[in-house]
>>> print(open('protein_16.csv').read())   # CSV, C-alpha atoms
chain,number,residue,atom,x,y,z
A,958,MET,CA,112.4,73.6,-83.4
A,959,LYS,CA,109.9,75.5,-81.2
A,960,THR,CA,111.7,78.8,-82.1
A,961,ALA,CA,111.4,78.1,-85.8
A,962,LEU,CA,107.7,77.2,-85.4
A,963,LEU,CA,107.1,80.4,-83.5
A,964,LEU,CA,108.8,82.5,-86.2
A,965,VAL,CA,106.8,80.8,-88.9
A,966,LEU,CA,103.5,81.5,-87.0
A,967,ALA,CA,104.6,85.1,-86.4
A,968,GLY,CA,105.3,85.4,-90.2
A,969,VAL,CA,101.9,84.0,-91.1
A,970,ALA,CA,100.2,86.4,-88.7
A,971,ALA,CA,102.1,89.3,-90.2
A,972,LEU,CA,101.0,88.2,-93.7
A,973,ALA,CA,97.4,87.9,-92.6
A,974,ALA,CA,97.5,91.5,-91.2
A,975,LEU,CA,98.9,93.0,-94.4
A,976,PRO,CA,95.6,94.1,-95.9
A,977,PHE,CA,95.0,96.3,-92.9
A,978,LEU,CA,98.4,97.9,-93.2
A,979,LEU,CA,99.0,98.4,-96.9
A,980,SER,CA,97.4,100.4,-99.7
A,981,GLN,CA,95.7,98.6,-102.6
A,982,GLY,CA,98.8,99.1,-104.8
A,983,LEU,CA,101.2,97.7,-102.3
A,984,LEU,CA,98.7,94.8,-101.6
A,985,ASN,CA,99.0,93.9,-105.3
A,986,ALA,CA,102.7,93.9,-104.9
A,987,ALA,CA,102.3,91.6,-101.9
A,988,ILE,CA,100.2,89.2,-104.0
A,989,GLN,CA,103.1,89.0,-106.6
A,990,MET,CA,105.6,88.4,-103.8
A,991,LEU,CA,103.5,85.5,-102.5
A,992,ILE,CA,103.2,84.0,-106.0
A,993,ALA,CA,107.0,84.4,-106.6
A,994,ALA,CA,107.7,82.8,-103.2
A,995,LEU,CA,105.6,79.7,-104.1
A,996,PHE,CA,107.2,79.4,-107.6
A,997,ALA,CA,110.7,79.6,-106.0
A,998,SER,CA,109.7,77.0,-103.4
A,999,ALA,CA,108.4,74.7,-106.1
A,1000,TYR,CA,111.6,75.2,-108.1
A,1001,ASN,CA,113.8,74.5,-105.1
A,1002,LEU,CA,112.2,71.0,-104.7
A,1003,LEU,CA,113.8,70.2,-108.0
A,1004,CYS,CA,117.0,72.2,-107.9
A,1005,GLY,CA,117.9,72.5,-104.2
A,1006,GLN,CA,116.6,69.2,-102.9
A,1007,ALA,CA,117.1,66.9,-105.9
A,1008,GLY,CA,120.1,68.7,-107.3
A,1009,MET,CA,118.6,69.1,-110.8
A,1010,LEU,CA,119.3,72.6,-112.2
A,1011,SER,CA,116.4,73.6,-114.6
A,1012,PHE,CA,116.8,76.6,-116.9
A,1013,GLY,CA,113.2,76.4,-118.2
A,1014,HIS,CA,110.8,76.2,-115.3
A,1015,ALA,CA,108.7,79.1,-116.7
A,1016,ALA,CA,107.2,76.5,-119.0
A,1017,TYR,CA,105.3,74.9,-116.2
A,1018,PHE,CA,104.3,78.2,-114.6
A,1019,GLY,CA,103.0,79.3,-118.0
A,1020,VAL,CA,101.1,76.0,-118.7
A,1021,GLY,CA,99.5,76.3,-115.3
A,1022,ALA,CA,98.5,79.9,-116.1
A,1023,PHE,CA,96.9,79.0,-119.4
A,1024,GLY,CA,95.2,75.9,-118.0
A,1025,THR,CA,93.6,78.1,-115.3
A,1026,VAL,CA,92.5,80.9,-117.7
A,1027,HIS,CA,90.8,78.3,-120.0
A,1028,ALA,CA,89.2,76.7,-117.0
A,1029,MET,CA,87.9,80.1,-115.9
A,1030,ASN,CA,86.4,80.7,-119.4
A,1031,ALA,CA,84.8,77.2,-119.6
A,1032,ILE,CA,81.1,76.5,-119.6
A,1033,GLY,CA,80.2,79.9,-121.1
A,1034,GLY,CA,82.4,81.8,-118.6
A,1035,ALA,CA,80.9,80.2,-115.5
A,1036,GLY,CA,84.1,78.3,-114.9
A,1037,LEU,CA,85.0,74.7,-114.7
A,1038,LEU,CA,85.5,75.1,-111.0
A,1039,PRO,CA,84.6,77.6,-108.3
A,1040,THR,CA,87.0,80.5,-108.3
A,1041,PRO,CA,88.8,79.5,-105.1
A,1042,LEU,CA,89.6,76.1,-106.6
A,1043,MET,CA,90.8,77.4,-110.0
A,1044,PRO,CA,94.5,76.9,-109.2
A,1045,LEU,CA,93.7,73.1,-109.2
A,1046,ALA,CA,93.4,73.4,-113.0
A,1047,GLY,CA,96.9,74.9,-113.1
A,1048,ALA,CA,98.2,72.1,-110.8
A,1049,ALA,CA,96.7,69.5,-113.1
A,1050,CYS,CA,98.2,71.0,-116.3
A,1051,GLY,CA,101.6,71.6,-114.6
A,1052,LEU,CA,101.6,68.0,-113.4
A,1053,VAL,CA,100.7,66.5,-116.8
A,1054,PHE,CA,103.1,68.6,-118.8
A,1055,GLY,CA,105.8,68.3,-116.2
A,1056,GLY,CA,105.5,64.5,-116.2
A,1057,ILE,CA,105.9,64.4,-120.0
A,1058,ALA,CA,108.8,66.9,-120.1
A,1059,GLY,CA,110.4,65.3,-117.0
A,1060,TRP,CA,110.4,61.9,-118.7
A,1061,PHE,CA,112.6,63.3,-121.4
A,1062,ALA,CA,114.7,65.7,-119.3
A,1063,THR,CA,115.6,63.2,-116.5
A,1064,LYS,CA,117.0,60.8,-119.1
A,1065,ARG,CA,120.2,62.9,-118.7
A,1066,THR,CA,121.9,64.6,-115.7
A,1067,GLY,CA,124.0,67.7,-115.1
A,1068,THR,CA,124.6,70.1,-118.0
A,1069,TYR,CA,122.6,67.9,-120.4
A,1070,PHE,CA,119.6,68.0,-118.2
A,1071,ALA,CA,119.8,71.8,-117.9
A,1072,MET,CA,120.0,72.1,-121.7
A,1073,ILE,CA,117.0,69.9,-122.3
A,1074,THR,CA,114.9,71.9,-119.8
A,1075,LEU,CA,116.0,75.1,-121.6
A,1076,ALA,CA,115.2,73.6,-125.0
A,1077,ILE,CA,111.7,72.6,-123.9
A,1078,ALA,CA,111.0,76.0,-122.4
A,1079,GLU,CA,112.3,77.8,-125.6
A,1080,LEU,CA,110.1,75.5,-127.7
A,1081,VAL,CA,107.0,76.4,-125.8
A,1082,HIS,CA,107.9,80.1,-125.8
A,1083,SER,CA,108.4,80.0,-129.6
A,1084,LEU,CA,105.2,78.1,-130.4
A,1085,ALA,CA,102.9,80.0,-128.0
A,1086,PRO,CA,102.4,83.2,-130.2
A,1087,HIS,CA,101.6,81.1,-133.2
A,1088,LEU,CA,99.0,78.8,-131.5
A,1089,LYS,CA,96.4,81.5,-131.2
A,1090,GLY,CA,93.5,79.2,-130.5
A,1091,LEU,CA,95.3,78.0,-127.4
A,1092,PHE,CA,97.4,80.9,-126.2
A,1093,GLY,CA,95.6,83.9,-127.8
A,1094,GLY,CA,98.5,85.2,-129.8
A,1095,GLU,CA,100.2,88.4,-128.7
A,1096,ALA,CA,97.0,89.6,-127.1
A,1097,GLY,CA,96.7,86.6,-124.8
A,1098,VAL,CA,93.5,85.3,-123.2
A,1099,SER,CA,91.4,87.3,-120.8
A,1100,THR,CA,88.9,86.1,-118.2
A,1101,MET,CA,86.9,87.2,-115.2
A,1102,ARG,CA,86.7,86.0,-111.6
A,1103,MET,CA,83.2,84.7,-110.9
A,1104,PRO,CA,81.5,84.9,-107.5
A,1105,ALA,CA,81.7,81.8,-105.4
A,1106,TRP,CA,81.1,80.7,-101.8
A,1107,GLY,CA,79.5,84.0,-100.9
A,1108,LEU,CA,82.4,86.1,-102.1
A,1109,ASP,CA,82.5,88.2,-105.3
A,1110,PHE,CA,86.4,88.3,-105.5
A,1111,GLY,CA,86.1,91.8,-106.8
A,1112,SER,CA,88.4,93.4,-104.3
A,1113,THR,CA,92.2,93.1,-104.0
A,1114,THR,CA,91.8,92.0,-100.4
A,1115,GLN,CA,89.8,88.9,-101.2
A,1116,VAL,CA,92.2,88.0,-103.9
A,1117,TYR,CA,95.1,88.5,-101.5
A,1118,TYR,CA,93.6,86.1,-98.9
A,1119,LEU,CA,92.8,83.5,-101.6
A,1120,THR,CA,96.4,83.7,-102.8
A,1121,LEU,CA,97.8,83.6,-99.2
A,1122,ALA,CA,95.7,80.5,-98.4
A,1123,TRP,CA,96.9,78.6,-101.5
A,1124,VAL,CA,100.5,79.6,-101.0
A,1125,LEU,CA,100.5,78.5,-97.3
A,1126,LEU,CA,98.8,75.2,-98.2
A,1127,SER,CA,101.2,74.6,-101.1
A,1128,VAL,CA,104.4,75.4,-99.1
A,1129,LEU,CA,103.1,73.2,-96.3
A,1130,LEU,CA,102.6,70.3,-98.7
A,1131,LEU,CA,106.1,70.9,-100.2
A,1132,TYR,CA,107.5,70.7,-96.7
A,1133,LEU,CA,105.6,67.6,-95.8
A,1134,PHE,CA,106.9,66.0,-99.0
A,1135,THR,CA,110.5,66.6,-98.0
A,1136,ARG,CA,109.8,64.7,-94.8
A,1137,THR,CA,108.5,61.6,-96.6
A,1138,PRO,CA,110.7,58.6,-97.5
A,1139,MET,CA,110.4,59.7,-101.2
A,1140,GLY,CA,111.4,63.2,-100.3
A,1141,ARG,CA,114.4,61.9,-98.5
A,1142,LEU,CA,115.4,59.8,-101.6
A,1143,ALA,CA,115.4,63.0,-103.6
A,1144,TYR,CA,118.4,64.1,-101.5
A,1145,GLY,CA,120.1,60.9,-102.8
A,1146,LEU,CA,119.5,62.1,-106.4
A,1147,ARG,CA,121.5,65.2,-105.5
A,1148,GLU,CA,124.3,63.6,-103.5
A,1149,ASN,CA,124.9,60.2,-105.2
A,1150,SER,CA,122.4,59.0,-107.9
A,1151,HIS,CA,124.8,56.2,-108.8
A,1152,ARG,CA,124.6,54.7,-105.3
A,1153,LEU,CA,120.8,54.9,-105.4
A,1154,ARG,CA,120.8,53.0,-108.7
A,1155,PHE,CA,123.2,50.4,-107.2
A,1156,LEU,CA,120.8,49.9,-104.3
A,1157,GLY,CA,118.1,49.0,-106.7
A,1158,TYR,CA,116.0,52.3,-106.9
A,1159,ASN,CA,114.5,53.5,-110.2
A,1160,VAL,CA,116.5,56.7,-110.4
A,1161,HIS,CA,114.8,57.8,-113.6
A,1162,GLY,CA,111.3,57.3,-112.2
A,1163,LEU,CA,112.2,59.1,-109.0
A,1164,GLY,CA,113.7,62.0,-110.9
A,1165,MET,CA,110.6,62.2,-113.2
A,1166,LEU,CA,108.3,62.1,-110.1
A,1167,VAL,CA,110.2,65.0,-108.4
A,1168,PHE,CA,110.2,66.9,-111.6
A,1169,ALA,CA,106.4,66.5,-112.1
A,1170,ILE,CA,105.6,67.5,-108.5
A,1171,SER,CA,107.8,70.6,-108.8
A,1172,ALA,CA,106.0,71.4,-112.1
A,1173,MET,CA,102.6,70.9,-110.4
A,1174,PHE,CA,103.3,73.4,-107.7
A,1175,SER,CA,104.7,75.8,-110.4
A,1176,GLY,CA,101.4,75.4,-112.2
A,1177,ILE,CA,99.6,76.4,-109.0
A,1178,ALA,CA,101.7,79.6,-108.9
A,1179,GLY,CA,100.8,80.2,-112.6
A,1180,GLY,CA,97.1,79.7,-111.8
A,1181,LEU,CA,97.3,82.2,-108.9
A,1182,GLN,CA,98.8,84.7,-111.3
A,1183,VAL,CA,95.8,84.3,-113.6
A,1184,VAL,CA,93.3,84.6,-110.8
A,1185,SER,CA,95.1,87.8,-109.7
A,1186,ASN,CA,95.5,89.4,-113.2
A,1187,GLU,CA,92.4,87.9,-114.9
A,1188,SER,CA,94.5,87.3,-118.1
A,1189,ALA,CA,97.3,85.2,-119.4
A,1190,ASN,CA,99.8,86.1,-122.2
A,1191,TYR,CA,102.6,84.1,-123.8
A,1192,VAL,CA,105.0,86.3,-121.9
A,1193,VAL,CA,104.6,83.9,-119.0
A,1194,PHE,CA,106.9,81.5,-121.0
A,1195,ASP,CA,109.6,84.2,-121.3
A,1196,PRO,CA,113.1,82.9,-120.5
A,1197,ALA,CA,113.5,85.9,-118.2
A,1198,LEU,CA,111.0,84.3,-115.8
A,1199,SER,CA,113.0,81.1,-115.8
A,1200,ALA,CA,116.1,83.1,-115.0
A,1201,ALA,CA,114.4,85.0,-112.3
A,1202,VAL,CA,113.3,82.0,-110.4
A,1203,VAL,CA,116.9,80.6,-110.5
A,1204,LEU,CA,118.3,83.9,-109.2
A,1205,ASN,CA,115.7,84.2,-106.5
A,1206,THR,CA,116.2,80.7,-105.3
A,1207,TYR,CA,119.9,81.0,-105.0
A,1208,ILE,CA,119.8,84.5,-103.5
A,1209,GLY,CA,117.4,83.2,-100.8
A,1210,GLY,CA,119.4,80.0,-100.2
A,1211,VAL,CA,118.7,76.5,-101.5
A,1212,LYS,CA,119.8,74.8,-98.3
A,1213,VAL,CA,117.1,76.4,-96.1
A,1214,PHE,CA,113.6,75.3,-96.9
A,1215,LEU,CA,112.1,78.8,-96.7
A,1216,GLY,CA,115.2,80.4,-98.2
A,1217,PRO,CA,114.0,80.5,-101.8
A,1218,ALA,CA,110.6,81.9,-100.7
A,1219,PHE,CA,112.4,84.6,-98.8
A,1220,GLY,CA,114.7,85.4,-101.7
A,1221,ALA,CA,111.8,85.5,-104.2
A,1222,ALA,CA,109.7,87.8,-102.0
A,1223,LEU,CA,112.6,90.1,-101.3
A,1224,MET,CA,113.6,90.4,-105.0
A,1225,THR,CA,110.0,90.9,-106.1
A,1226,PHE,CA,109.6,93.7,-103.6
A,1227,PHE,CA,113.0,95.1,-104.7
A,1228,GLY,CA,111.8,95.2,-108.3
A,1229,TYR,CA,108.6,97.0,-107.3
A,1230,ALA,CA,110.4,99.5,-105.0
A,1231,VAL,CA,113.4,100.3,-107.2
A,1232,SER,CA,112.2,99.9,-110.8
A,1233,ASP,CA,110.4,103.3,-110.6
A,1234,LEU,CA,113.5,105.0,-109.2
A,1235,THR,CA,116.2,103.8,-111.5
A,1236,GLN,CA,116.6,102.2,-114.9
A,1237,SER,CA,119.5,100.1,-113.6
A,1238,TRP,CA,117.6,98.0,-111.1
A,1239,LEU,CA,118.3,94.8,-113.1
A,1240,LEU,CA,122.0,95.6,-112.9
A,1241,TYR,CA,121.7,95.8,-109.1
A,1242,GLN,CA,119.9,92.5,-109.0
A,1243,GLY,CA,122.7,90.9,-111.0
A,1244,ILE,CA,125.3,92.5,-108.8
A,1245,LEU,CA,123.5,91.2,-105.7
A,1246,PHE,CA,123.4,87.7,-107.2
A,1247,VAL,CA,127.2,87.7,-107.9
A,1248,LEU,CA,128.0,89.0,-104.4
A,1249,VAL,CA,125.8,86.4,-102.8
A,1250,MET,CA,127.4,83.6,-104.8
A,1251,MET,CA,130.9,84.8,-104.0
A,1252,PHE,CA,130.6,85.6,-100.3
A,1253,MET,CA,127.4,83.9,-99.1
A,1254,PRO,CA,126.9,80.7,-101.1
A,1255,SER,CA,124.4,79.5,-98.6
A,1256,GLY,CA,122.2,82.5,-99.5
A,1257,LEU,CA,120.7,85.3,-97.5
A,1258,ALA,CA,118.7,82.8,-95.4
A,1259,GLY,CA,122.0,81.2,-94.5
A,1260,LEU,CA,122.9,84.3,-92.6
A,1261,ILE,CA,120.5,83.3,-89.8
A,1262,GLY,CA,122.3,80.0,-89.3
A,1263,THR,CA,125.8,81.6,-89.5
A,1264,THR,CA,124.8,84.3,-87.0
A,1265,GLY,CA,123.5,81.6,-84.6
A,1266,ARG,CA,126.7,79.6,-84.9
A,1267,LEU,CA,128.8,82.7,-84.3
A,1268,ARG,CA,126.8,83.6,-81.2
A,1269,GLN,CA,127.5,80.2,-79.8
A,1270,SER,CA,131.2,80.2,-80.6
A,1271,ILE,CA,132.2,83.8,-79.8
A,1272,GLY,CA,129.3,85.0,-77.6
A,1273,MET,CA,126.8,87.9,-77.9
A,1274,ALA,CA,129.2,90.5,-76.6
A,1275,ARG,CA,131.7,90.0,-79.4
A,1276,LEU,CA,129.0,89.3,-82.0
A,1277,VAL,CA,127.1,92.7,-81.7
A,1278,PRO,CA,130.1,94.9,-82.7
A,1279,LEU,CA,130.8,92.5,-85.6
A,1280,VAL,CA,127.2,92.8,-86.8
A,1281,LEU,CA,127.2,96.6,-86.6
A,1282,LEU,CA,130.5,96.8,-88.5
A,1283,SER,CA,129.1,94.5,-91.2
A,1284,ILE,CA,125.9,96.5,-91.6
A,1285,ALA,CA,127.8,99.8,-91.7
A,1286,ALA,CA,130.2,98.4,-94.3
A,1287,ALA,CA,127.4,97.0,-96.4
A,1288,VAL,CA,125.6,100.4,-96.3
A,1289,LEU,CA,128.7,102.4,-97.3
A,1290,LEU,CA,129.6,100.0,-100.1
A,1291,SER,CA,126.0,100.0,-101.4
A,1292,MET,CA,125.8,103.8,-101.4
A,1293,GLY,CA,129.2,104.2,-103.1
A,1294,GLY,CA,128.4,101.6,-105.8
A,1295,ALA,CA,124.9,103.0,-106.4
A,1296,PHE,CA,126.3,106.5,-106.8
A,1297,ALA,CA,128.8,105.4,-109.3
A,1298,VAL,CA,126.3,103.3,-111.3
A,1299,GLU,CA,123.7,106.1,-111.4
A,1300,MET,CA,126.3,108.6,-112.6
A,1301,LEU,CA,127.6,106.4,-115.3
A,1302,GLN,CA,124.1,105.4,-116.4
A,1303,ARG,CA,123.1,109.0,-116.9
A,1304,ILE,CA,126.4,109.9,-118.6
A,1305,PHE,CA,126.1,107.1,-121.1
A,1306,SER,CA,122.4,107.6,-121.8
A,1307,GLN,CA,121.2,108.8,-125.2
A,1308,ASP,CA,119.5,111.9,-123.7
A,1309,TYR,CA,122.7,113.0,-122.0
A,1310,ARG,CA,124.8,112.5,-125.1
A,1311,ALA,CA,122.3,114.6,-127.1
A,1312,MET,CA,122.6,117.4,-124.5
A,1313,ALA,CA,126.4,117.2,-124.6
A,1314,LYS,CA,126.3,117.7,-128.4
A,1315,LEU,CA,124.2,120.8,-128.0
A,1316,ALA,CA,126.4,122.2,-125.2
A,1317,ALA,CA,128.6,125.2,-126.1
A,1318,GLY,CA,132.3,124.4,-126.5
A,1319,GLY,CA,131.8,120.7,-126.1
A,1320,ALA,CA,131.4,121.0,-122.3
A,1321,TRP,CA,129.9,118.2,-120.4
A,1322,PRO,CA,126.5,119.3,-118.8
A,1323,PRO,CA,126.1,118.6,-115.1
A,1324,VAL,CA,124.2,115.5,-114.0
A,1325,THR,CA,121.3,115.8,-111.6
A,1326,LEU,CA,121.5,113.2,-108.9
A,1327,LEU,CA,120.1,113.3,-105.3
A,1328,ALA,CA,118.5,116.7,-106.0
A,1329,ARG,CA,121.9,118.1,-106.8
A,1330,ALA,CA,123.9,118.9,-109.9
A,1331,TRP,CA,127.2,117.0,-110.3
A,1332,SER,CA,129.9,117.9,-112.9
A,1333,PRO,CA,131.1,114.7,-114.6
A,1334,THR,CA,134.6,116.2,-115.0
A,1335,ALA,CA,135.0,117.4,-111.4
A,1336,VAL,CA,137.3,115.4,-109.1
A,1337,ALA,CA,134.9,116.0,-106.2
A,1338,THR,CA,132.1,114.2,-108.0
A,1339,TRP,CA,134.0,110.9,-108.3
A,1340,ALA,CA,135.6,111.3,-104.9
A,1341,VAL,CA,132.2,110.7,-103.4
A,1342,PRO,CA,131.9,107.0,-104.5
A,1343,VAL,CA,135.7,106.4,-103.9
A,1344,VAL,CA,135.4,107.7,-100.3
A,1345,LEU,CA,132.2,105.7,-99.6
A,1346,ILE,CA,133.6,102.5,-101.1
A,1347,GLY,CA,136.9,103.0,-99.4
A,1348,ALA,CA,135.3,103.5,-96.1
A,1349,GLY,CA,133.1,100.5,-96.5
A,1350,ALA,CA,136.0,98.3,-97.5
A,1351,LEU,CA,137.9,99.6,-94.5
A,1352,LEU,CA,135.1,98.7,-92.1
A,1353,ALA,CA,134.8,95.3,-93.8
A,1354,TRP,CA,138.5,94.7,-93.2
A,1355,ILE,CA,138.2,95.7,-89.6
A,1356,GLY,CA,135.2,93.5,-89.2
A,1357,GLN,CA,137.1,90.5,-90.6
A,1358,ARG,CA,140.0,91.1,-88.2
A,1359,HIS,CA,137.5,91.4,-85.3
A,1360,LEU,CA,136.0,88.1,-86.3
A,1361,LYS,CA,139.4,86.4,-86.6
A,1362,GLN,CA,140.5,87.7,-83.2
A,1363,ALA,CA,137.1,86.8,-81.5
A,1364,THR,CA,137.4,83.3,-83.0
A,1365,GLU,CA,141.0,82.9,-81.7
A,1366,ARG,CA,140.0,84.1,-78.2
A,1367,ALA,CA,137.0,81.8,-78.1
A,1368,GLY,CA,139.2,78.9,-79.2
A,1369,GLY,CA,141.9,79.7,-76.6
A,1370,ALA,CA,139.3,80.0,-73.8
A,1371,ALA,CA,137.9,76.6,-74.8
>>> encode(input="protein_16.csv", output="structure tokens")
Amino acid sequence: MKTALLLVLAGVAALAALPFLLSQGLLNAAIQMLIAALFASAYNLLCGQAGMLSFGHAAYFGVGAFGTVHAMNAIGGAGLLPTPLMPLAGAACGLVFGGIAGWFATKRTGTYFAMITLAIAELVHSLAPHLKGLFGGEAGVSTMRMPAWGLDFGSTTQVYYLTLAWVLLSVLLLYLFTRTPMGRLAYGLRENSHRLRFLGYNVHGLGMLVFAISAMFSGIAGGLQVVSNESANYVVFDPALSAAVVLNTYIGGVKVFLGPAFGAALMTFFGYAVSDLTQSWLLYQGILFVLVMMFMPSGLAGLIGTTGRLRQSIGMARLVPLVLLSIAAAVLLSMGGAFAVEMLQRIFSQDYRAMAKLAAGGAWPPVTLLARAWSPTAVATWAVPVVLIGAGALLAWIGQRHLKQATERAGGAA
């Protein structure tokens, strides 16, 4: 417990120091990472803790965003609340809309619940462009941050610290909720709702309350998005945002409280870092999700617990070679897979096909990758990913055997 608290405090200190270490562009990316982390944490309250898989949580993020932008434009642009308190408008809108939608959605469970949440989100996404008075049509609604409390909020640094304060407070409140009796009952919804009903609990009311609280914190995330961007567009209702929070949450790990926040921050940074380098970054994100679900169902955050258990069972001396083998295997497999994907993406692109048609004799032009020209018809070109993937698979196999032997030795010694 003390170790976890120290790690959290160290993480908070690192986040507080980021404005002194990053450029303004990267600081904007850090703001988006914090917002994505809060959104994933709010979603995990519903999905990970209560076991209710929602496919339309962008609806509550978007409602919170538009509630905040209208609050900022209220009273002739002076704002309904001081700028630091504007996310409260998003919280209120998310709570009200989440309570209404949750009343309907939690009437059903499982697949039917997921389809109802998807239908509600699609309904809002379809109506938003047509309700121009409320959502501003395709242009959206713009606003401006007003000075408050001696701050003008004109710099990215001030917006970052405002976002950080709200995210830390919201995540703390979410954690405290999980420690309450009602938060504990939410686990019962996931494990055995029939038993809860048999014990006399109002399962529908409990599910609706958890849904509304999750929507409220999602609305805070949407409000922070508006405070950062000074605008809101109906794109915030896009199904891709609902899909992204599901992916981020499961990649991070739903069984660890901060796992979804870690996954969301990591994948948001991945998008900023890789989207400018390749057009296939969404494919990489999908591949990562599939691999995590197949080989690490507890998520990336679950690796910490797994490593700790292995250290206790086989010892640090046997664990270090295993970790090094795993890292080397992952790097080689990633390099080989990325090489193959980038080559194929360039070969099947429209620009390359146009070049091939213009080439003399129907020859395939070389593909430029890693500052070098590669012939698509050369055996050596495709030998590169084959060798890398083969070497990575071999190291993974050796690591698996090393783990098996270490576990057997530890068991024999015990």
>>> residues_around(input="protein_16.csv", residues="A:Phe1296", least_positions_apart="5", cutoff="10 Å", atoms="all atoms listed in the file", output="ChimeraX atom specification")
/A:1290-1291,1301-1302,1326-1327,1338-1339,1341-1343,1345
>>> residues_around(input="protein_16.csv", residues="stretch 1095-1106 of chain A", least_positions_apart="6", cutoff="9 Å", atoms="only C-alpha atoms", output="ChimeraX atom specification")
/A:1023,1026-1027,1029-1030,1034-1036,1039-1041,1085-1087,1089,1183-1192
>>> atom_distance(input="protein_16.csv", atom1="atom CA of A:Phe1018", atom2="atom CA of A:Tyr1117")
19.0 Å
>>> residues_around(input="protein_16.csv", residues="stretch 1150-1152 of chain A", least_positions_apart="3", cutoff="12 Å", atoms="all atoms listed in the file", output="PDB file with C-alpha atoms, in the coordinates of the input")
ATOM      1  CA  ALA A1007     117.100  66.900-105.900  1.00  0.00           C
ATOM      2  CA  GLY A1008     120.100  68.700-107.300  1.00  0.00           C
ATOM      3  CA  MET A1009     118.600  69.100-110.800  1.00  0.00           C
ATOM      4  CA  THR A1063     115.600  63.200-116.500  1.00  0.00           C
ATOM      5  CA  ARG A1065     120.200  62.900-118.700  1.00  0.00           C
ATOM      6  CA  THR A1066     121.900  64.600-115.700  1.00  0.00           C
ATOM      7  CA  GLY A1067     124.000  67.700-115.100  1.00  0.00           C
ATOM      8  CA  LEU A1142     115.400  59.800-101.600  1.00  0.00           C
ATOM      9  CA  ALA A1143     115.400  63.000-103.600  1.00  0.00           C
ATOM     10  CA  TYR A1144     118.400  64.100-101.500  1.00  0.00           C
ATOM     11  CA  GLY A1145     120.100  60.900-102.800  1.00  0.00           C
ATOM     12  CA  LEU A1146     119.500  62.100-106.400  1.00  0.00           C
ATOM     13  CA  ARG A1147     121.500  65.200-105.500  1.00  0.00           C
ATOM     14  CA  PHE A1155     123.200  50.400-107.200  1.00  0.00           C
ATOM     15  CA  LEU A1156     120.800  49.900-104.300  1.00  0.00           C
ATOM     16  CA  GLY A1157     118.100  49.000-106.700  1.00  0.00           C
ATOM     17  CA  TYR A1158     116.000  52.300-106.900  1.00  0.00           C
ATOM     18  CA  ASN A1159     114.500  53.500-110.200  1.00  0.00           C
ATOM     19  CA  VAL A1160     116.500  56.700-110.400  1.00  0.00           C
ATOM     20  CA  HIS A1161     114.800  57.800-113.600  1.00  0.00           C
ATOM     21  CA  LEU A1163     112.200  59.100-109.000  1.00  0.00           C
ATOM     22  CA  GLY A1164     113.700  62.000-110.900  1.00  0.00           C
TER      23      GLY A1164
END
>>> atom_distance(input="protein_16.csv", atom1="atom CA of A:Gly1019", atom2="atom CA of A:Leu972")
26.0 Å
